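**Q** Please read through the structure below; I'll follow up with questions.
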Amino acid sequence: MGAASILLLVPIATGAFAQAGKPSAAAVKTGNGMGAITAIDAKGGTVTIKHGPIPSIGWPAMTMTFKAAPPALLKGLRSGQRVAFTARAKGMAAEVTAISPH
């Protein structure tokens, strides 16, 4: 029974080692973008931006909603305004860490 247990554990251990060598799909990436604000939710702390491609994150042009980190970044911004921004993405979660009218 001892040999059978070892044989059962080999695929599990091999899989764990294989995973350890792969880069994490949830690695944090940052990039700068340009776009236009389409919506602001000050209470929710989010901004929706229609932006061009952001190659450093691997994003094509699209419209997406970002969490503002910190929410105070949204003060003085308005819908329709063109902006330059810095985004940070981890997996499917994205946030704006800097934003300014452009």
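Chain labels run A, B, ... following the order of the structure tokens; each chain numbers its residues from 1, and ligands are numbered from 1 in the order shown.
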A:Lys43: which residues within 12 Å, counting only C-alpha atoms, same-chain residues fewer than 6 positions away excluded, as JSON, numbers by chain?
**A** {"A": [67, 68, 71, 72, 74, 75]}
**Q** Write the selection just made, keeping N, CA, C and O atoms, as a PDB file, in the first residue's frame?
**A**
ATOM      1  N   LYS A  67     -12.129  51.206 -10.798  1.00  0.00           N
ATOM      2  CA  LYS A  67     -12.206  51.688  -9.420  1.00  0.00           C
ATOM      3  C   LYS A  67     -11.145  52.775  -9.308  1.00  0.00           C
ATOM      4  O   LYS A  67     -10.047  52.632  -9.832  1.00  0.00           O
ATOM      5  N   ALA A  68     -11.459  53.880  -8.682  1.00  0.00           N
ATOM      6  CA  ALA A  68     -10.485  54.958  -8.469  1.00  0.00           C
ATOM      7  C   ALA A  68      -9.753  54.695  -7.157  1.00  0.00           C
ATOM      8  O   ALA A  68     -10.375  54.481  -6.127  1.00  0.00           O
ATOM      9  N   PRO A  71     -10.491  57.204  -4.241  1.00  0.00           N
ATOM     10  CA  PRO A  71     -11.676  57.803  -4.853  1.00  0.00           C
ATOM     11  C   PRO A  71     -11.585  59.317  -5.045  1.00  0.00           C
ATOM     12  O   PRO A  71     -12.238  59.872  -5.928  1.00  0.00           O
ATOM     13  N   ALA A  72     -10.758  59.990  -4.263  1.00  0.00           N
ATOM     14  CA  ALA A  72     -10.589  61.443  -4.395  1.00  0.00           C
ATOM     15  C   ALA A  72     -10.063  61.845  -5.770  1.00  0.00           C
ATOM     16  O   ALA A  72     -10.189  63.002  -6.179  1.00  0.00           O
ATOM     17  N   LEU A  74     -11.384  61.353  -8.464  1.00  0.00           N
ATOM     18  CA  LEU A  74     -12.521  61.706  -9.317  1.00  0.00           C
ATOM     19  C   LEU A  74     -12.997  63.142  -9.124  1.00  0.00           C
ATOM     20  O   LEU A  74     -13.759  63.651  -9.947  1.00  0.00           O
ATOM     21  N   LYS A  75     -12.540  63.785  -8.072  1.00  0.00           N
ATOM     22  CA  LYS A  75     -12.983  65.151  -7.764  1.00  0.00           C
ATOM     23  C   LYS A  75     -12.640  66.100  -8.913  1.00  0.00           C
ATOM     24  O   LYS A  75     -11.508  66.142  -9.390  1.00  0.00           O
TER      25      LYS A  75
END
**Q** Give me, as a ChimeraX atom specification, all polymer residues having an atom no more than 9 Å from A:Pro70, counting only C-alpha atoms and skipping those fewer than 5 positions away in the same chain.
**A** /A:45,96-98
**Q** Neighbouring residues of A:His102 were defined as those with any atom within 9 Å, considering only C-alpha atoms; residues of the same chain fewer than 2 positions away were excluded. Please report them as an MDAnalysis selection string.
**A** chainID A and resid 34:35 81:84 100
**Q** If you measure from atom CA of A:Lys50 to atom CA of A:Ala89, what distance in Å do you get, rounded to one decimal?
**A**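 Taking atom CA of A:Lys50 as the start and atom CA of A:Ala89 as the end point, the length is 16.2 Å.
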**Q** Near A:Met92, within 12 Å and counting only C-alpha atoms, which residues show up once chain neighbours fewer than 2 positions away are dropped, as a PyMOL selection string?
**A** chain A and resi 25-29+57+59+64-67+88-90+94-95
**Q** Looking at A:Thr63, A:Thr30, A:Ser79, A:Ser56, which one is nearest to A:Pro101, with distances taken over only C-alpha atoms?
**A**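 When distances to A:Pro101 are compared using only C-alpha atoms, the smallest one comes from A:Ser79.
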**Q** Considering only C-alpha atoms, can you say which of A:Ala87, A:Ala69, A:Arg78, A:Ala93 comes closest to A:Asp41?
**A**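 Of all the options, A:Arg78 lies closest to A:Asp41.
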**Q** How many Å lie between atom CA of A:Ala61 and atom CA of A:Ile49, rounded to one decimal?
**A** 10.3 Å
